[in-house]
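Engineer: Contents of input-v1.txt (compact mmCIF, C-alpha atoms) are given next:
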# COMPACT_ATOMS: atom_id res chain seq x y z
CA SER A 206 0.00 0.00 0.00
CA LYS A 207 1.12 3.58 -0.67
CA THR A 208 2.35 5.81 2.12
CA VAL A 209 0.70 9.20 2.65
CA GLU A 210 3.75 10.86 1.10
CA GLU A 211 3.52 8.66 -2.01
CA ALA A 212 -0.23 9.13 -2.32
CA ALA A 213 -0.02 12.93 -2.04
CA LYS A 214 1.28 13.50 -5.56
CA PRO A 215 -1.45 15.46 -7.36
CA GLY A 216 -0.71 16.44 -10.93
CA LYS A 217 -0.05 20.01 -12.00
CA GLU A 218 -3.65 20.52 -13.12
CA ASP A 219 -4.88 19.20 -9.76
CA MET A 220 -2.67 21.69 -7.97
CA LYS A 221 -3.89 24.53 -10.19
CA GLN A 222 -7.46 23.64 -9.34
CA MET A 223 -6.65 23.42 -5.67
CA ALA A 224 -4.90 26.78 -5.76
CA ALA A 225 -7.89 28.37 -7.48
CA ASN A 226 -10.26 26.97 -4.87
CA TYR A 227 -7.85 26.88 -1.95
CA TRP A 228 -9.84 27.61 1.17
CA VAL A 229 -7.18 29.80 2.83
CA ARG A 230 -7.02 31.93 -0.28
CA GLN A 231 -10.78 32.38 -0.36
CA VAL A 232 -11.80 32.55 3.28
CA GLY A 233 -8.58 32.39 5.24
CA PRO A 234 -5.86 34.68 6.58
CA SER A 235 -4.57 36.55 3.54
CA ASP A 236 -3.87 39.82 5.35
CA ASP A 237 -3.82 39.01 9.04
CA ILE A 238 -0.14 39.92 9.54
CA GLU A 239 1.13 43.34 8.54
CA SER A 240 4.66 44.69 8.22
CA GLY A 241 6.64 46.99 5.99
CA ARG A 242 7.86 44.08 3.90
CA ASN A 243 6.52 40.79 2.58
CA SER A 244 5.42 38.39 5.27
CA SER A 245 8.50 36.21 5.36
CA SER A 246 9.81 34.13 8.23
CA GLN A 247 12.57 36.67 8.84
CA ASP A 248 10.02 39.46 9.34
CA VAL A 249 8.23 37.75 12.23
CA ARG A 250 11.00 38.98 14.51
CA HIS A 251 10.20 42.59 13.67
CA ASN A 252 7.29 44.69 14.90
CA PHE A 253 4.22 42.94 13.54
CA THR A 254 0.56 43.65 13.94
CA MET A 255 -1.30 40.36 14.03
CA SER A 256 -5.02 39.79 13.78
CA PHE A 257 -6.80 37.14 15.80
CA ALA A 258 -10.12 38.65 14.78
CA GLY A 259 -11.50 40.56 11.86
CA THR A 260 -9.94 37.98 9.54
CA PRO A 261 -12.13 35.27 8.08
CA LEU A 262 -9.98 32.56 9.66
CA GLY A 263 -10.77 33.78 13.14
CA MET A 264 -14.48 33.94 12.39
CA LEU A 265 -15.02 30.69 10.49
CA THR A 266 -17.78 28.36 11.59
CA PRO A 267 -16.99 24.72 12.46
CA GLU A 268 -18.56 23.71 9.15
CA GLN A 269 -16.27 26.05 7.20
CA TYR A 270 -13.25 24.79 9.09
CA LEU A 271 -14.19 21.21 8.31
CA GLU A 272 -14.73 22.02 4.64
CA GLY A 273 -11.25 23.52 4.46
CA GLY A 274 -9.77 20.41 6.01
CA LYS A 275 -11.67 18.20 3.57
CA GLN A 276 -10.18 20.09 0.63
CA MET A 277 -6.71 19.44 2.04
CA ALA A 278 -7.56 15.81 2.85
CA LYS A 279 -8.57 15.15 -0.76
CA PHE A 280 -4.91 15.45 -1.71
CA GLY A 281 -3.61 13.54 1.30
CA PHE A 282 -2.42 16.69 3.07
CA ALA A 283 -4.72 16.49 6.11
CA GLN A 284 -7.11 14.41 8.17
CA THR A 285 -10.46 15.73 9.34
CA PHE A 286 -12.07 14.87 12.67
CA GLY A 287 -14.99 17.26 13.21
CA ASN A 288 -15.87 16.84 16.90
CA ASP A 289 -14.28 13.37 17.17
CA THR A 290 -11.60 14.30 19.69
CA ASN A 291 -10.68 10.66 20.36
CA SER A 292 -9.59 10.16 16.75
CA ALA A 293 -7.81 13.53 16.77
CA LEU A 294 -5.96 12.46 19.93
CA THR A 295 -4.85 9.17 18.36
CA PHE A 296 -3.61 11.07 15.30
CA VAL A 297 -1.52 13.66 17.16
CA ASN A 298 -0.05 11.12 19.57
CA ARG A 299 0.98 8.87 16.67
CA LEU A 300 2.59 11.63 14.62
CA SER A 301 4.16 13.54 17.52
CA GLY A 302 5.32 10.70 19.75
CA TRP A 303 3.72 12.17 22.89
CA THR A 304 1.28 10.09 24.95
CA PHE A 305 -1.55 12.38 25.99
CA LYS A 306 -4.48 10.51 27.54
CA THR A 307 -7.26 12.91 26.47
CA TRP A 308 -7.76 15.77 24.02
CA GLN A 309 -8.47 17.99 27.02
CA GLU A 310 -4.95 17.22 28.28
CA VAL A 311 -3.51 18.40 24.96
CA GLU A 312 -5.46 21.64 25.18
CA LYS A 313 -4.48 22.23 28.82
CA CYS A 314 -0.83 21.65 27.97
CA GLY A 315 -1.12 24.06 25.04
CA LEU A 316 -2.19 26.85 27.39
CA ASN A 317 0.33 26.02 30.14
CA PRO A 318 3.63 27.92 29.75
CA GLU A 319 5.36 25.18 31.76
CA CYS A 320 4.23 22.45 29.36
CA HIS A 321 6.26 22.33 26.15
CA SER A 322 4.60 19.28 24.59
CA ALA A 323 1.92 21.39 22.88
CA TRP A 324 1.14 25.03 22.13
CA GLN A 325 -2.20 26.70 21.56
CA SER A 326 -3.29 30.20 20.63
CA ASP A 327 -4.93 31.62 23.73
CA PRO A 328 -8.73 31.80 23.18
CA GLU A 329 -8.75 35.21 24.87
CA LEU A 330 -7.04 36.63 21.78
CA ILE A 331 -10.03 35.85 19.56
CA GLY A 332 -11.75 39.17 18.90
CA HIS A 333 -8.54 41.22 19.07
CA ASN A 334 -5.87 42.63 16.85
CA ALA A 335 -2.51 42.39 18.59
CA THR A 336 1.11 43.56 18.40
CA LEU A 337 4.11 41.28 18.73
CA VAL A 338 5.86 41.47 22.12
CA SER A 339 8.37 38.63 21.77
CA VAL A 340 9.15 35.42 19.90
CA GLN A 341 9.29 32.62 22.46
CA ALA A 342 10.23 29.70 20.22
CA ILE A 343 10.86 28.88 16.57
CA VAL A 344 10.37 25.34 15.26
CA ASN A 345 10.72 23.92 11.76
CA GLY A 346 7.26 23.28 10.36
CA VAL A 347 8.16 19.72 9.39
CA ASP A 348 9.05 19.05 13.04
CA THR A 349 5.52 19.79 14.25
CA VAL A 350 2.02 18.35 14.11
CA ARG A 351 -0.30 21.25 13.35
CA CYS A 352 -4.04 21.23 13.98
CA HIS A 353 -6.90 23.67 13.56
CA ASN A 354 -8.70 23.13 16.84
CA HIS A 355 -12.15 24.56 16.19
CA PHE A 356 -14.60 22.34 18.09
CA GLY A 357 -16.86 20.69 15.55
CA GLY A 358 -14.37 21.41 12.78
CA ILE A 359 -11.06 19.94 13.98
CA TRP A 360 -8.55 18.90 11.33
CA CYS A 361 -4.81 18.32 11.33
CA HIS A 362 -2.07 18.43 8.72
CA GLU A 363 -0.67 15.10 7.62
CA ASN A 364 3.07 14.47 7.83
CA VAL A 365 3.60 15.68 4.25
CA GLU A 366 6.37 18.18 3.60
CA THR A 367 4.51 20.11 0.89
CA PHE A 368 2.35 21.98 3.38
CA ASN A 369 4.66 21.81 6.38
CA GLU A 370 7.82 23.42 5.01
CA GLY A 371 8.63 26.71 6.72
CA LYS A 372 8.94 28.08 10.24
CA PHE A 373 6.45 27.86 13.07
CA TYR A 374 6.51 30.56 15.75
CA ILE A 375 5.23 30.66 19.33
CA VAL A 376 4.85 34.38 20.03
CA GLU A 377 3.76 36.62 22.85
CA VAL A 378 1.40 39.39 21.75
CA ALA A 379 -0.45 42.25 23.39
CA ALA A 380 -4.00 43.16 22.37
CA ASN A 381 -4.09 46.58 20.71
CA ASP A 382 -7.31 47.58 22.48
CA ASP A 383 -6.18 46.24 25.87
CA PRO A 384 -2.40 46.38 26.48
CA THR A 385 -2.84 44.41 29.71
CA LEU A 386 -4.04 41.42 27.67
CA VAL A 387 -0.72 39.72 26.83
CA ARG A 388 -1.12 36.15 25.65
CA THR A 389 0.50 33.41 23.55
CA GLY A 390 -0.34 33.23 19.86
CA LEU A 391 0.75 30.95 17.03
CA VAL A 392 2.12 31.92 13.61
CA MET A 393 3.04 29.72 10.64
CA CYS A 394 5.28 30.97 7.83
CA HIS A 395 4.93 28.65 4.85
CA GLU A 396 7.71 28.13 2.36
CA TRP A 397 6.02 26.54 -0.63
CA PRO A 398 8.06 24.18 -2.83
CA GLU A 399 9.23 26.00 -5.93
CA GLU A 400 6.87 24.14 -8.26
CA TYR A 401 3.85 25.21 -6.18
CA ALA A 402 4.90 28.69 -5.07
CA SER A 403 3.63 30.48 -8.16
CA LEU A 404 0.25 28.81 -7.76
CA PHE A 405 -0.32 29.87 -4.15
CA GLU A 406 1.58 33.14 -3.81
CA LYS A 407 1.85 36.02 -6.24
CA ARG A 408 4.97 37.48 -4.64
CA ASP A 409 7.67 35.28 -3.20
CA GLY A 410 6.26 31.90 -2.27
CA THR A 411 6.37 32.63 1.46
CA LYS A 412 3.33 33.53 3.50
CA CYS A 413 2.88 33.98 7.23
CA HIS A 414 -0.46 33.69 8.97
CA THR A 415 -1.77 33.56 12.49
CA MET A 416 -3.55 30.47 13.83
CA PRO A 417 -6.41 31.87 15.95
CA VAL A 418 -7.60 28.37 16.92
CA GLY A 419 -4.27 26.66 16.34
CA LEU A 420 -3.02 23.70 18.37
CA VAL A 421 0.51 22.49 17.59
CA LEU A 422 2.70 19.72 19.01
CA PRO A 423 6.45 19.45 18.49
CA LYS A 424 7.64 16.00 17.42
CA LYS A 425 8.95 14.48 20.63
CA THR A 426 12.13 12.82 19.33
CA ILE A 427 13.35 15.99 17.62
CA TRP A 428 12.25 18.34 20.40
CA CYS A 429 13.82 16.27 23.17
CA ALA A 430 17.09 16.02 21.27
CA GLN A 431 17.36 19.79 21.67
CA HIS A 432 15.62 20.35 25.03
CA ASP A 433 15.50 18.77 28.47
CA CYS A 434 12.57 16.35 28.45
CA ARG A 435 13.60 14.32 31.48
CA GLN A 436 10.88 15.84 33.63
CA GLU A 437 7.20 15.20 33.09
CA TRP A 438 5.46 18.38 32.01
CA ILE A 439 2.66 19.39 34.34
CA VAL A 440 -0.63 19.51 32.51
Could I get this structure in the form of structure tokens?
Structural biologist:
Amino acid sequence: SKTVEEAAKPGKEDMKQMAANYWVRQVGPSDDIESGRNSSSQDVRHNFTMSFAGTPLGMLTPEQYLEGGKQMAKFGFAQTFGNDTNSALTFVNRLSGWTFKTWQEVEKCGLNPECHSAWQSDPELIGHNATLVSVQAIVNGVDTVRCHNHFGGIWCHENVETFNEGKFYIVEVAANDDPTLVRTGLVMCHEWPEEYASLFEKRDGTKCHTMPVGLVLPKKTIWCAQHDCRQEWIV
């Protein structure tokens, strides 16, 4: 049987069609990060304004989220779960190497600064535009398991390099309308393969976007080779 990587080889015409109908392009975060230059992974370290509201991605319904995941899944780039958190848990544990017992544990870890087995955009950011305060961690996209954790519309990226190349950022941001609201947010900067870049991006093949309902796990083997994982993280 074919592996996911082998199966995810759509032809050029398939990719053109996907680009034309690509859900992020139509209803996703095309302008949710602003800077003086193109949204490249280098720019994330500069003074960004990031939107966790007012962009379609932050306001999508569970049904819209699920539809986006299904478009990705058609090409082998994602798996969709809807509100089936048990299946989502099995998926992220298998791909990441962690051994969470429940989906709620994953979410709690994602919001706990002391737990580095998962990261989640703080729900309190939804409804706010925010300004970057600091970059807390940078991880290669291919070394993560990335999910869109909208209850009723959960879906996660498969372990396929095409849509995982780039840099993933855990950032601290302050809400523009409430400077006392300083929370963790997630940003992904895609670096499309050269043969797909012209289809998805008009400028330079690199695009950064926030993940208002993002939930991301670092792959355990790679993460623990670079960090101290001897202690059990407190969920």
Engineer: When you count only C-alpha atoms, which of these residues is closest to Leu337 of chain A: A:Gln276, A:Gln431, A:Thr389, A:Gln269?
Structural biologist: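 Looking only at the distances to Leu337 of chain A, the closest residue turns out to be A:Thr389.
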Engineer: What's the separation between atom CA of Gly287 of chain A and atom CA of Glu363 of chain A, in Å to one decimal place?
Structural biologist: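 Taking atom CA of Gly287 of chain A and atom CA of Glu363 of chain A, their separation equals 15.5 Å.
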Engineer: Please, what distance in Å, to one decimal, runs between atom CA of Phe286 of chain A and atom CA of Val421 of chain A?
Structural biologist: 15.5 Å
Engineer: Can you measure atom CA of Asn345 of chain A to atom CA of Glu370 of chain A for me? One decimal in Å is fine.
Structural biologist: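 Calculated distance between atom CA of Asn345 of chain A and atom CA of Glu370 of chain A is 7.4 Å.
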Engineer: Using all atoms listed in the file, can you tell me which of A:Gly419, A:Lys372, A:Lys306, A:His362 comes closest to Trp324 of chain A?
Structural biologist: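 The shortest atom-to-atom distance to Trp324 of chain A comes from A:Gly419.
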Engineer: Any idea what's packed within 10 Å of Phe305 of chain A, counting all atoms listed in the file, ignoring anything in its chain fewer than 3 positions away? Could you give it as a PyMOL selection string?
Structural biologist: chain A and resi 294-295+297-298+302+308-311+314+322+440
Engineer: Taking (10.5, 17.1, 14.8) in the coordinates of the supplied file, I want to know which residues reach to within 10 Å of it, counting all atoms listed in the file; could you give the answer as a list in words?
Structural biologist: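 Here the neighbourhood of the point contains Leu300, Ser301, Gly302, Val344, Asn345, Gly346, Val347, Asp348, Thr349, Val350, Leu422, Pro423, Lys424, Lys425, Thr426, Ile427, Trp428, Cys429 and Ala430 of chain A.
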Engineer: Closest to Ala283 of chain A among A:Asp327, A:Leu271, A:Cys320, A:Gly332, using only C-alpha atoms?
Structural biologist: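 Among A:Asp327, A:Leu271, A:Cys320, A:Gly332, it is A:Leu271 that comes nearest to Ala283 of chain A.
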Engineer: If you count only C-alpha atoms, which residues fall within 9 Å of His353 of chain A, apart from same-chain ones fewer than 2 positions away, as a count of residues only?
Structural biologist: 15
Engineer: Of the candidates A:Glu312, A:Glu218, A:Asp433, A:Glu377, which shows the shortest atom-to-atom distance to Ser339 of chain A, using all atoms listed in the file?
Structural biologist: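 Ranking A:Glu312, A:Glu218, A:Asp433, A:Glu377 by distance to Ser339 of chain A, first place goes to A:Glu377.
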